[in-house]
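S.K.: Quick one, final.cif (mmCIF, C-alpha atoms and all ligand atoms):
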```cif
data_work
loop_
_atom_site.group_PDB
_atom_site.id
_atom_site.type_symbol
_atom_site.label_atom_id
_atom_site.label_comp_id
_atom_site.auth_asym_id
_atom_site.auth_seq_id
_atom_site.Cartn_x
_atom_site.Cartn_y
_atom_site.Cartn_z
ATOM 1 C CA MET A 962 101.624 96.017 99.478
ATOM 2 C CA ILE A 963 98.247 95.549 97.891
ATOM 3 C CA PRO A 964 97.480 94.391 94.340
ATOM 4 C CA ILE A 965 97.329 97.221 91.805
ATOM 5 C CA TYR A 966 93.803 96.062 90.907
ATOM 6 C CA ARG A 967 92.722 96.888 94.475
ATOM 7 C CA MET A 968 94.231 100.377 94.571
ATOM 8 C CA LYS A 969 91.670 103.178 94.802
ATOM 9 C CA VAL A 970 93.244 105.355 92.108
ATOM 10 C CA ILE A 971 95.409 104.950 89.044
ATOM 11 C CA GLN A 972 96.769 108.333 87.991
ATOM 12 C CA ILE A 973 97.497 109.394 84.438
ATOM 13 C CA GLU A 974 100.328 111.891 84.686
ATOM 14 C CA ILE A 975 99.735 114.200 81.738
ATOM 15 C CA THR A 976 102.640 116.516 82.598
ATOM 16 C CA ASN A 977 105.249 117.155 85.232
ATOM 17 C CA ALA A 978 105.231 120.910 84.589
ATOM 18 C CA CYS A 979 104.108 122.902 87.611
ATOM 19 C CA ASN A 980 103.882 126.568 88.553
ATOM 20 C CA GLN A 981 105.009 125.726 92.089
ATOM 21 C CA GLN A 982 108.048 124.055 93.615
ATOM 22 C CA CYS A 983 106.895 122.627 96.927
ATOM 23 C CA SER A 984 109.425 121.061 99.214
ATOM 24 C CA GLN A 985 109.565 117.234 98.977
ATOM 25 C CA CYS A 986 107.195 117.181 95.983
ATOM 26 C CA THR A 987 105.980 113.688 95.114
ATOM 27 C CA ARG A 988 106.809 114.441 91.454
ATOM 28 C CA PHE A 989 110.221 115.956 92.228
ATOM 29 C CA ILE A 990 109.253 119.238 90.606
ATOM 30 C CA GLY A 991 112.265 121.527 90.334
ATOM 31 C CA HIS A 992 114.691 118.699 89.623
ATOM 32 C CA HIS A 993 113.857 118.258 85.933
ATOM 33 C CA LYS A 994 115.567 120.287 83.257
ATOM 34 C CA LYS A 995 112.559 120.032 80.975
ATOM 35 C CA PRO A 996 108.939 119.004 81.640
ATOM 36 C CA PHE A 997 107.075 116.339 79.693
ATOM 37 C CA PHE A 998 103.604 116.704 78.202
ATOM 38 C CA MET A 999 101.871 113.408 77.452
ATOM 39 C CA ASP A 1000 100.554 113.374 73.870
ATOM 40 C CA LEU A 1001 96.851 112.855 73.284
ATOM 41 C CA ASP A 1002 97.248 109.433 71.681
ATOM 42 C CA MET A 1003 99.034 108.253 74.774
ATOM 43 C CA VAL A 1004 96.351 109.735 77.061
ATOM 44 C CA ALA A 1005 93.790 107.676 75.119
ATOM 45 C CA LYS A 1006 96.007 104.583 75.186
ATOM 46 C CA ALA A 1007 96.540 104.981 78.950
ATOM 47 C CA ILE A 1008 92.778 105.130 79.573
ATOM 48 C CA GLU A 1009 92.094 102.206 77.249
ATOM 49 C CA SER A 1010 94.723 100.139 79.055
ATOM 50 C CA LEU A 1011 92.600 100.477 82.210
ATOM 51 C CA GLU A 1012 89.567 98.745 80.695
ATOM 52 C CA GLY A 1013 88.022 96.641 83.476
ATOM 53 C CA TYR A 1014 89.574 98.644 86.320
ATOM 54 C CA LYS A 1015 86.678 99.711 88.536
ATOM 55 C CA GLU A 1016 88.156 102.455 90.720
ATOM 56 C CA GLN A 1017 89.113 106.076 90.054
ATOM 57 C CA ILE A 1018 91.169 107.142 87.051
ATOM 58 C CA GLY A 1019 92.908 110.388 87.949
ATOM 59 C CA ILE A 1020 94.215 113.154 85.721
ATOM 60 C CA MET A 1021 97.269 114.480 87.471
ATOM 61 C CA GLY A 1022 100.536 116.357 87.029
ATOM 62 C CA GLY A 1023 102.583 118.413 87.880
ATOM 63 C CA GLU A 1024 99.767 120.835 87.375
ATOM 64 C CA PRO A 1025 97.582 119.217 84.704
ATOM 65 C CA THR A 1026 96.039 122.501 83.502
ATOM 66 C CA LEU A 1027 99.515 123.522 82.276
ATOM 67 C CA HIS A 1028 99.211 120.861 79.589
ATOM 68 C CA PRO A 1029 98.730 122.920 76.389
ATOM 69 C CA GLN A 1030 95.909 120.554 75.332
ATOM 70 C CA PHE A 1031 94.203 120.247 78.706
ATOM 71 C CA LYS A 1032 90.791 120.872 77.134
ATOM 72 C CA GLU A 1033 91.350 118.043 74.649
ATOM 73 C CA VAL A 1034 92.498 115.793 77.503
ATOM 74 C CA CYS A 1035 89.161 116.473 79.242
ATOM 75 C CA GLU A 1036 87.291 115.623 76.028
ATOM 76 C CA ILE A 1037 89.127 112.296 75.801
ATOM 77 C CA VAL A 1038 88.318 111.575 79.458
ATOM 78 C CA GLU A 1039 84.651 112.307 78.827
ATOM 79 C CA LYS A 1040 84.555 110.069 75.758
ATOM 80 C CA LEU A 1041 86.583 107.118 77.051
ATOM 81 C CA ILE A 1042 85.455 107.006 80.702
ATOM 82 C CA PRO A 1043 81.646 106.943 80.453
ATOM 83 C CA ASN A 1044 81.198 106.436 84.215
ATOM 84 C CA ARG A 1045 81.594 109.960 85.676
ATOM 85 C CA ARG A 1046 82.250 108.492 89.130
ATOM 86 C CA GLN A 1047 85.495 107.005 87.831
ATOM 87 C CA ARG A 1048 86.865 110.343 86.632
ATOM 88 C CA ALA A 1049 88.961 112.413 89.019
ATOM 89 C CA LEU A 1050 91.200 115.476 88.745
ATOM 90 C CA TRP A 1051 94.064 116.725 90.902
ATOM 91 C CA THR A 1052 94.846 120.457 90.492
ATOM 92 C CA ASN A 1053 96.370 123.334 92.413
ATOM 93 C CA GLY A 1054 93.892 125.686 90.729
ATOM 94 C CA PHE A 1055 96.495 127.624 88.740
ATOM 95 C CA LYS A 1056 94.290 127.896 85.649
ATOM 96 C CA TRP A 1057 90.973 127.339 87.403
ATOM 97 C CA ASP A 1058 89.223 130.380 85.933
ATOM 98 C CA GLU A 1059 90.329 129.544 82.417
ATOM 99 C CA TYR A 1060 89.183 125.922 82.606
ATOM 100 C CA LYS A 1061 86.421 125.787 85.214
ATOM 101 C CA GLU A 1062 83.697 125.200 82.612
ATOM 102 C CA ILE A 1063 85.321 122.153 81.016
ATOM 103 C CA ILE A 1064 86.409 120.906 84.446
ATOM 104 C CA SER A 1065 82.861 120.947 85.807
ATOM 105 C CA LYS A 1066 81.527 119.390 82.584
ATOM 106 C CA THR A 1067 84.016 116.528 82.898
ATOM 107 C CA PHE A 1068 84.354 115.917 86.642
ATOM 108 C CA ASP A 1069 81.896 115.776 89.546
ATOM 109 C CA LYS A 1070 82.714 118.322 92.257
ATOM 110 C CA ASP A 1071 83.624 115.767 94.855
ATOM 111 C CA MET A 1072 85.977 114.062 92.405
ATOM 112 C CA ILE A 1073 88.172 117.149 92.164
ATOM 113 C CA VAL A 1074 91.109 117.325 94.546
ATOM 114 C CA TYR A 1075 91.957 121.022 94.699
ATOM 115 C CA ASN A 1076 95.103 121.805 96.641
ATOM 116 C CA ASP A 1077 96.577 125.253 96.091
ATOM 117 C CA HIS A 1078 99.318 124.530 98.687
ATOM 118 C CA LYS A 1079 98.888 128.092 99.956
ATOM 119 C CA ASP A 1080 97.818 127.241 103.496
ATOM 120 C CA MET A 1081 100.940 128.176 105.480
ATOM 121 C CA GLU A 1082 99.491 126.773 108.706
ATOM 122 C CA VAL A 1083 99.421 123.193 107.485
ATOM 123 C CA GLY A 1084 101.140 121.075 104.891
ATOM 124 C CA GLU A 1085 104.060 118.803 105.617
ATOM 125 C CA HIS A 1086 105.582 116.443 103.107
ATOM 126 C CA GLN A 1087 107.392 113.167 103.609
ATOM 127 C CA PRO A 1088 111.037 113.315 102.420
ATOM 128 C CA LEU A 1089 111.036 111.078 99.347
ATOM 129 C CA LEU A 1090 114.625 111.669 98.237
ATOM 130 C CA VAL A 1091 116.040 110.219 101.458
ATOM 131 C CA ALA A 1092 116.809 106.659 100.389
ATOM 132 C CA ALA A 1093 115.644 103.913 102.745
ATOM 133 C CA GLU A 1094 118.736 101.857 101.876
ATOM 134 C CA GLU A 1095 121.011 104.709 102.999
ATOM 135 C CA ILE A 1096 119.411 105.421 106.364
ATOM 136 C CA LEU A 1097 118.488 101.921 107.512
ATOM 137 C CA ALA A 1098 121.287 99.439 108.082
ATOM 138 C CA ASP A 1099 118.731 96.845 109.213
ATOM 139 C CA ARG A 1100 117.541 95.436 105.874
ATOM 140 C CA GLU A 1101 114.851 93.261 107.410
ATOM 141 C CA LEU A 1102 113.347 96.387 108.998
ATOM 142 C CA MET A 1103 113.649 98.302 105.726
ATOM 143 C CA TRP A 1104 111.732 95.683 103.734
ATOM 144 C CA ARG A 1105 109.127 95.354 106.477
ATOM 145 C CA LEU A 1106 108.467 99.108 106.341
ATOM 146 C CA ILE A 1107 108.445 99.123 102.542
ATOM 147 C CA GLY A 1108 105.923 96.278 102.574
ATOM 148 C CA ASN A 1109 103.615 98.520 104.578
ATOM 149 C CA CYS A 1110 104.189 101.699 102.602
ATOM 150 C CA TRP A 1111 101.228 104.049 103.105
ATOM 151 C CA VAL A 1112 101.602 105.523 99.603
ATOM 152 C CA GLN A 1113 100.905 102.186 98.027
ATOM 153 C CA TRP A 1114 98.110 101.325 100.500
ATOM 154 C CA ARG A 1115 96.375 104.697 100.423
ATOM 155 C CA TRP A 1116 97.297 106.632 97.308
ATOM 156 C CA ALA A 1117 97.764 105.630 93.721
ATOM 157 C CA ALA A 1118 99.420 103.629 90.999
ATOM 158 C CA SER A 1119 100.404 105.648 88.002
ATOM 159 C CA ILE A 1120 100.943 105.949 84.265
ATOM 160 C CA THR A 1121 103.621 108.279 82.878
ATOM 161 C CA PRO A 1122 104.867 108.570 79.276
ATOM 162 C CA LYS A 1123 107.227 105.734 80.279
ATOM 163 C CA GLY A 1124 104.515 103.212 81.155
ATOM 164 C CA GLY A 1125 102.571 101.821 84.112
ATOM 165 C CA PHE A 1126 103.828 101.700 87.702
ATOM 166 C CA PHE A 1127 102.584 100.144 90.952
ATOM 167 C CA CYS A 1128 103.174 103.418 92.828
ATOM 168 C CA GLU A 1129 102.957 107.074 91.825
ATOM 169 C CA VAL A 1130 106.218 107.966 93.615
ATOM 170 C CA ALA A 1131 108.031 105.071 91.948
ATOM 171 C CA ALA A 1132 106.771 106.415 88.618
ATOM 172 C CA ALA A 1133 108.149 109.880 89.402
ATOM 173 C CA GLN A 1134 111.459 108.427 90.562
ATOM 174 C CA ASP A 1135 111.766 106.421 87.347
ATOM 175 C CA TYR A 1136 111.272 109.603 85.335
ATOM 176 C CA LEU A 1137 113.695 111.669 87.407
ATOM 177 C CA LEU A 1138 116.523 109.149 87.631
ATOM 178 C CA ASN A 1139 116.235 107.878 84.053
ATOM 179 C CA GLY A 1140 114.918 104.469 85.057
ATOM 180 C CA PRO A 1141 114.080 101.773 82.522
ATOM 181 C CA GLY A 1142 110.369 102.700 82.426
ATOM 182 C CA GLY A 1143 107.182 100.987 83.527
ATOM 183 C CA TYR A 1144 104.980 98.188 82.262
ATOM 184 C CA PRO A 1145 103.948 98.555 78.602
ATOM 185 C CA LEU A 1146 100.381 99.880 78.404
ATOM 186 C CA LYS A 1147 98.735 96.704 77.211
ATOM 187 C CA LYS A 1148 95.180 96.201 78.428
ATOM 188 C CA GLY A 1149 95.256 94.712 81.902
ATOM 189 C CA TRP A 1150 98.844 95.725 82.781
ATOM 190 C CA TRP A 1151 97.423 96.772 86.167
ATOM 191 C CA ASP A 1152 95.936 93.368 86.970
ATOM 192 C CA LYS A 1153 98.888 92.436 89.133
ATOM 193 C CA ASN A 1154 99.416 91.227 92.681
ATOM 194 C CA PRO A 1155 102.535 92.218 94.668
ATOM 195 C CA ASN A 1156 104.521 89.167 93.535
ATOM 196 C CA GLU A 1157 103.899 90.240 89.971
ATOM 197 C CA PHE A 1158 105.245 93.792 90.460
ATOM 198 C CA MET A 1159 108.104 92.932 92.831
ATOM 199 C CA ASP A 1160 110.608 93.868 90.091
ATOM 200 C CA GLN A 1161 109.460 97.496 90.464
ATOM 201 C CA VAL A 1162 109.390 97.352 94.274
ATOM 202 C CA LYS A 1163 113.018 96.158 94.341
ATOM 203 C CA ARG A 1164 114.100 98.784 91.823
ATOM 204 C CA TYR A 1165 112.468 101.908 93.278
ATOM 205 C CA CYS A 1166 111.629 101.484 96.973
ATOM 206 C CA PRO A 1167 115.175 101.257 98.398
ATOM 207 C CA ARG A 1168 115.991 104.678 96.890
ATOM 208 C CA CYS A 1169 112.806 106.226 98.289
ATOM 209 C CA GLY A 1170 111.985 107.561 101.767
ATOM 210 C CA GLY A 1171 108.207 107.239 101.485
ATOM 211 C CA ALA A 1172 107.821 104.218 103.742
ATOM 212 C CA ILE A 1173 110.194 105.274 106.503
ATOM 213 C CA PRO A 1174 108.771 107.077 109.540
ATOM 214 C CA MET A 1175 110.891 110.223 109.987
ATOM 215 C CA GLU A 1176 110.319 113.884 110.659
ATOM 216 C CA ARG A 1177 108.446 115.573 107.860
ATOM 217 C CA VAL A 1178 109.303 118.950 106.340
ATOM 218 C CA SER A 1179 107.000 121.895 105.664
ATOM 219 C CA SER A 1180 105.836 121.893 102.063
ATOM 220 C CA HIS A 1181 106.789 125.609 102.108
ATOM 221 C CA ALA A 1182 110.439 124.971 102.956
ATOM 222 C CA ALA A 1183 112.880 126.113 100.288
ATOM 223 C CA TYR A 1184 114.769 122.818 100.183
ATOM 224 C CA ASP A 1185 114.419 119.050 99.781
ATOM 225 C CA LEU A 1186 116.000 116.647 102.230
ATOM 226 C CA VAL A 1187 118.248 114.322 100.237
ATOM 227 C CA SER A 1188 120.423 111.374 101.249
ATOM 228 C CA PRO A 1189 124.054 111.443 100.043
ATOM 229 C CA LYS A 1190 123.804 108.931 97.179
ATOM 230 C CA ASN A 1191 120.605 110.467 95.866
ATOM 231 C CA ALA A 1192 122.354 113.862 96.028
ATOM 232 C CA GLU A 1193 125.126 112.437 93.837
ATOM 233 C CA ARG A 1194 122.488 111.208 91.388
ATOM 234 C CA LEU A 1195 120.844 114.649 91.265
ATOM 235 C CA LYS A 1196 124.219 116.289 90.750
ATOM 236 C CA ALA A 1197 125.037 113.934 87.863
ATOM 237 C CA LEU A 1198 121.695 114.808 86.265
ATOM 238 C CA GLY A 1199 122.295 118.546 86.644
ATOM 239 C CA SER A 1200 119.075 118.948 88.620
ATOM 240 C CA PRO A 1201 118.224 122.695 88.664
ATOM 241 C CA LYS A 1202 117.115 122.490 92.308
ATOM 242 C CA TYR A 1203 120.403 120.816 93.222
ATOM 243 C CA VAL A 1204 122.439 123.342 91.231
ATOM 244 C CA LYS A 1205 120.687 126.205 93.053
ATOM 245 C CA GLY A 1206 121.565 124.594 96.386
ATOM 246 C CA ASN A 1207 117.940 124.043 97.366
ATOM 247 C CA TYR A 1208 118.583 120.800 99.222
ATOM 248 C CA LYS A 1209 119.891 119.660 102.599
ATOM 249 C CA ILE A 1210 121.796 116.453 103.073
ATOM 250 C CA PHE A 1211 120.204 113.918 105.429
ATOM 251 C CA ASP A 1212 123.082 111.730 106.510
ATOM 252 C CA LYS A 1213 121.796 109.866 109.579
ATOM 253 C CA LYS A 1214 121.265 106.212 110.297
ATOM 254 C CA LEU A 1215 117.894 105.453 111.857
ATOM 255 C CA THR A 1216 117.282 102.704 114.391
ATOM 256 C CA GLU A 1217 114.065 100.884 115.159
ATOM 257 C CA GLU A 1218 113.802 103.106 118.292
ATOM 258 C CA ASP A 1219 114.056 106.311 116.199
ATOM 259 C CA ILE A 1220 111.270 105.015 113.998
ATOM 260 C CA GLU A 1221 109.100 103.983 116.937
ATOM 261 C CA ARG A 1222 109.474 107.494 118.433
ATOM 262 C CA VAL A 1223 108.216 109.109 115.217
ATOM 263 C CA VAL A 1224 105.303 106.666 114.951
ATOM 264 C CA ARG A 1225 104.293 107.279 118.574
ATOM 265 C CA ALA A 1226 104.441 111.060 118.006
ATOM 266 C CA GLY A 1227 101.616 110.615 115.475
ATOM 267 C CA TRP A 1228 103.254 110.114 112.073
ATOM 268 C CA THR A 1229 100.424 110.387 109.516
ATOM 269 C CA PRO A 1230 102.187 111.403 106.311
ATOM 270 C CA TRP A 1231 99.065 110.912 104.177
ATOM 271 C CA SER A 1232 97.360 113.778 105.958
ATOM 272 C CA HIS A 1233 98.633 117.192 104.909
ATOM 273 C CA ARG A 1234 95.645 119.205 106.031
ATOM 274 C CA PRO A 1235 92.480 118.690 108.091
ATOM 275 C CA TYR A 1236 90.057 119.392 105.217
ATOM 276 C CA LYS A 1237 89.454 118.503 101.607
ATOM 277 C CA GLN A 1238 88.917 121.075 98.909
ATOM 278 C CA SER A 1239 87.208 120.720 95.543
ATOM 279 C CA GLY A 1240 87.481 124.281 94.207
ATOM 280 C CA PRO A 1241 88.566 127.735 95.411
ATOM 281 C CA GLU A 1242 85.374 128.174 97.474
ATOM 282 C CA ILE A 1243 84.587 124.561 98.268
ATOM 283 C CA LYS A 1244 85.953 122.972 101.414
ATOM 284 C CA TRP A 1245 84.772 119.899 103.266
ATOM 285 C CA THR A 1246 85.861 117.258 105.704
ATOM 286 C CA ASP A 1247 85.003 113.589 105.819
ATOM 287 C CA LYS A 1248 82.421 114.411 108.476
ATOM 288 C CA ASN A 1249 80.843 117.340 106.654
ATOM 289 C CA GLU A 1250 79.071 117.442 103.358
ATOM 290 C CA LEU A 1251 80.534 119.283 100.413
ATOM 291 C CA ARG A 1252 80.069 123.013 101.075
ATOM 292 C CA GLU A 1253 80.230 125.897 98.648
ATOM 293 C CA ASN A 1254 80.102 129.407 100.110
ATOM 294 C CA ASN A 1255 78.658 127.830 103.274
ATOM 295 C CA LYS A 1256 75.758 126.227 101.400
ATOM 296 C CA ILE A 1257 75.496 122.476 101.272
ATOM 297 C CA ILE A 1258 75.624 121.254 97.683
HETATM 298 S S1 LIG B 1301 108.658 103.208 99.255
HETATM 299 FE FE1 LIG B 1301 108.427 104.871 97.759
HETATM 300 S S2 LIG B 1301 108.393 103.856 95.753
HETATM 301 FE FE2 LIG B 1301 108.012 102.273 97.316
HETATM 302 S S3 LIG B 1301 105.776 102.127 97.495
HETATM 303 FE FE3 LIG B 1301 106.488 103.602 99.038
HETATM 304 S S4 LIG B 1301 106.361 105.631 98.051
HETATM 305 FE FE4 LIG B 1301 106.260 104.056 96.451
#
```
Starting from the file, lay out its structure as structure tokens.
M.R.:
Amino acid sequence: MIPIYRMKVIQIEITNACNQQCSQCTRFIGHHKKPFFMDLDMVAKAIESLEGYKEQIGIMGGEPTLHPQFKEVCEIVEKLIPNRRQRALWTNGFKWDEYKEIISKTFDKDMIVYNDHKDMEVGEHQPLLVAAEEILADRELMWRLIGNCWVQWRWAASITPKGGFFCEVAAAQDYLLNGPGGYPLKKGWWDKNPNEFMDQVKRYCPRCGGAIPMERVSSHAAYDLVSPKNAERLKALGSPKYVKGNYKIFDKKLTEEDIERVVRAGWTPWSHRPYKQSGPEIKWTDKNELRENNKII
């Protein structure tokens, strides 16, 4: 684990509403009975709580443009984050045409992560509802893998209406499973090293599959892989995706050899596709410059 203050992004989750229901969604879309929409005061409070944080502050969902006050959210971002290079947006482009003007006024092109999830050739997601504690009898191995979790090393910490979290998936799990909530949004809540957020690690990571090398599932599959106890939790919650039967039970025990096989086969769960995209017409890779309609911009 790395300190939250060293993480490259802290997301502000303004909604968990989404027009899509990808398999193994990091925000567990499809399992909630009702979406949340973060109110504007809380958006401002979330940004203000990050005073002193030097890396990217992301606006994320769900699909953030489904927030009924998305325009106002952008205005708050513009006012409270004066450094444009700190502002970032994650969108699947659902309301791109409606909001493209305010989006380009607020965010630099290369700070927009546009992922319409429509590319059927690529896109695999790590099963996050397969609980590490259910599939790994070897606890020492489980904690070793959790300590190296790629989500926490490579992706983001997060703020939901329930507070601040060291990991975006932990934040989503807290919301889904009615957890106790995150750190209160006092200024500097994020200035924590791993020892200081171990309470959250112990609470959320054992019920999560993020850190465990295992076969991934196409993001276009119609189901989530779920371990038995997590399935019971979803059933108790009345998860719509569970009720519709859009899940498959993963009831295996993994050994260190199983894990090694997956790692050797090239397990890179952070990489869903070989390119980045910053708008419907803008694709690029780390090696290429940002391109729009084949012109370098
Ligand atoms: S195991 Fe899950 S909750 Fe823990 S850091 Fe990894 S993705 Fe986050």
S.K.: Can you tell me which residues surround Glu974 (chain A) at a distance of at most 8 Å, considering only C-alpha atoms, apart from same-chain residues fewer than 6 positions away, and format the answer as JSON, numbers by chain?
M.R.: {"A": [999, 1020, 1021, 1022, 1023, 1025, 1119, 1120, 1121, 1122]}
S.K.: Please extract the residues at most 8 Å from ligand LIG 1301 (chain B), counting all atoms listed in the file, and provide them as a list in words, using the chain letters and residue numbers of this document.
M.R.: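 Selection of residues at most 8 Å from ligand LIG 1301 (chain B): Met962, Leu1089, Ala1093, Ile1107, Gly1108, Cys1110, Trp1111, Val1112, Gln1113, Phe1127, Cys1128, Glu1129, Val1130, Ala1131, Ala1132, Gln1134, Val1162, Tyr1165, Cys1166, Pro1167, Arg1168, Cys1169, Gly1170, Gly1171, Ala1172 and Ile1173 of chain A.
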S.K.: Could you turn the residues from that selection into a file that holds C-alpha atoms, as an mmCIF file, in the coordinates of the input?
M.R.:
```
data_model
loop_
_atom_site.group_PDB
_atom_site.id
_atom_site.type_symbol
_atom_site.label_atom_id
_atom_site.label_comp_id
_atom_site.auth_asym_id
_atom_site.auth_seq_id
_atom_site.Cartn_x
_atom_site.Cartn_y
_atom_site.Cartn_z
ATOM 1 C CA MET A 962 101.624 96.017 99.478
ATOM 2 C CA LEU A 1089 111.036 111.078 99.347
ATOM 3 C CA ALA A 1093 115.644 103.913 102.745
ATOM 4 C CA ILE A 1107 108.445 99.123 102.542
ATOM 5 C CA GLY A 1108 105.923 96.278 102.574
ATOM 6 C CA CYS A 1110 104.189 101.699 102.602
ATOM 7 C CA TRP A 1111 101.228 104.049 103.105
ATOM 8 C CA VAL A 1112 101.602 105.523 99.603
ATOM 9 C CA GLN A 1113 100.905 102.186 98.027
ATOM 10 C CA PHE A 1127 102.584 100.144 90.952
ATOM 11 C CA CYS A 1128 103.174 103.418 92.828
ATOM 12 C CA GLU A 1129 102.957 107.074 91.825
ATOM 13 C CA VAL A 1130 106.218 107.966 93.615
ATOM 14 C CA ALA A 1131 108.031 105.071 91.948
ATOM 15 C CA ALA A 1132 106.771 106.415 88.618
ATOM 16 C CA GLN A 1134 111.459 108.427 90.562
ATOM 17 C CA VAL A 1162 109.390 97.352 94.274
ATOM 18 C CA TYR A 1165 112.468 101.908 93.278
ATOM 19 C CA CYS A 1166 111.629 101.484 96.973
ATOM 20 C CA PRO A 1167 115.175 101.257 98.398
ATOM 21 C CA ARG A 1168 115.991 104.678 96.890
ATOM 22 C CA CYS A 1169 112.806 106.226 98.289
ATOM 23 C CA GLY A 1170 111.985 107.561 101.767
ATOM 24 C CA GLY A 1171 108.207 107.239 101.485
ATOM 25 C CA ALA A 1172 107.821 104.218 103.742
ATOM 26 C CA ILE A 1173 110.194 105.274 106.503
#
```
S.K.: What is the distance, in Å and to one decimal place, between CA of Glu1024 (chain A) and CA of Ser1065 (chain A)?
M.R.: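 One can read the CA of Glu1024 (chain A) to CA of Ser1065 (chain A) distance as 17.0 Å.
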S.K.: If you apply the PyMOL selection byres (((chain A and resi 1052) around 12) and not hetatm) to this file, what residues do you get, as a ChimeraX atom specification?
M.R.: /A:974-976,978-981,1019-1028,1031,1049-1051,1053-1057,1060-1061,1064,1072-1078,1238-1241
S.K.: So what do you get for CA of Gly1125 (chain A) versus CA of Asn1139 (chain A), distance-wise?
M.R.: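 Between CA of Gly1125 (chain A) and CA of Asn1139 (chain A) the gap works out to 14.9 Å.
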S.K.: Taking a cut-off of 12 Å and counting all atoms listed in the file, can you build a table that, for each residue of region 1092-1120 of chain A near region 1194-1214 of chain A, reports the nearest atom pair and how far apart they are in Å (one decimal), sorted by chain then residue number, as JSON lines?
M.R.:
```
{"residue": "A:Ala1092", "atom": "CA", "partner": "A:Phe1211", "partner_atom": "CA", "distance": 9.5}
{"residue": "A:Ala1093", "atom": "CA", "partner": "A:Lys1214", "partner_atom": "CA", "distance": 9.7}
{"residue": "A:Glu1094", "atom": "CA", "partner": "A:Lys1214", "partner_atom": "CA", "distance": 9.8}
{"residue": "A:Glu1095", "atom": "CA", "partner": "A:Lys1214", "partner_atom": "CA", "distance": 7.5}
{"residue": "A:Ile1096", "atom": "CA", "partner": "A:Lys1214", "partner_atom": "CA", "distance": 4.4}
{"residue": "A:Leu1097", "atom": "CA", "partner": "A:Lys1214", "partner_atom": "CA", "distance": 5.8}
{"residue": "A:Ala1098", "atom": "CA", "partner": "A:Lys1214", "partner_atom": "CA", "distance": 7.1}
{"residue": "A:Asp1099", "atom": "CA", "partner": "A:Lys1214", "partner_atom": "CA", "distance": 9.8}
{"residue": "A:Met1103", "atom": "CA", "partner": "A:Lys1214", "partner_atom": "CA", "distance": 11.9}
```
S.K.: Tell me which of A:Trp1151, A:Gln972, A:Ile1063, A:Trp1114 sits closest to Tyr1014 (chain A), counting only C-alpha atoms.
M.R.: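 Under the stated criterion, the closest residue is A:Trp1151.
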S.K.: Given the PyMOL selection byres (((chain A and resi 1005) around 10) and not hetatm) and the file above, list the residues it selects as a list in words.
M.R.: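 Residues picked by the PyMOL selection byres (((chain A and resi 1005) around 10) and not hetatm): Asp1000, Leu1001, Asp1002, Met1003, Val1004, Lys1006, Ala1007, Ile1008, Glu1009, Ser1010, Val1034, Ile1037, Val1038, Lys1040 and Leu1041 of chain A.
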S.K.: Those same residues - C-alpha atoms - I'd like them written as an mmCIF file, keeping the file's coordinate frame.
M.R.:
```
data_model
loop_
_atom_site.group_PDB
_atom_site.id
_atom_site.type_symbol
_atom_site.label_atom_id
_atom_site.label_comp_id
_atom_site.auth_asym_id
_atom_site.auth_seq_id
_atom_site.Cartn_x
_atom_site.Cartn_y
_atom_site.Cartn_z
ATOM 1 C CA ASP A 1000 100.554 113.374 73.870
ATOM 2 C CA LEU A 1001 96.851 112.855 73.284
ATOM 3 C CA ASP A 1002 97.248 109.433 71.681
ATOM 4 C CA MET A 1003 99.034 108.253 74.774
ATOM 5 C CA VAL A 1004 96.351 109.735 77.061
ATOM 6 C CA LYS A 1006 96.007 104.583 75.186
ATOM 7 C CA ALA A 1007 96.540 104.981 78.950
ATOM 8 C CA ILE A 1008 92.778 105.130 79.573
ATOM 9 C CA GLU A 1009 92.094 102.206 77.249
ATOM 10 C CA SER A 1010 94.723 100.139 79.055
ATOM 11 C CA VAL A 1034 92.498 115.793 77.503
ATOM 12 C CA ILE A 1037 89.127 112.296 75.801
ATOM 13 C CA VAL A 1038 88.318 111.575 79.458
ATOM 14 C CA LYS A 1040 84.555 110.069 75.758
ATOM 15 C CA LEU A 1041 86.583 107.118 77.051
#
```
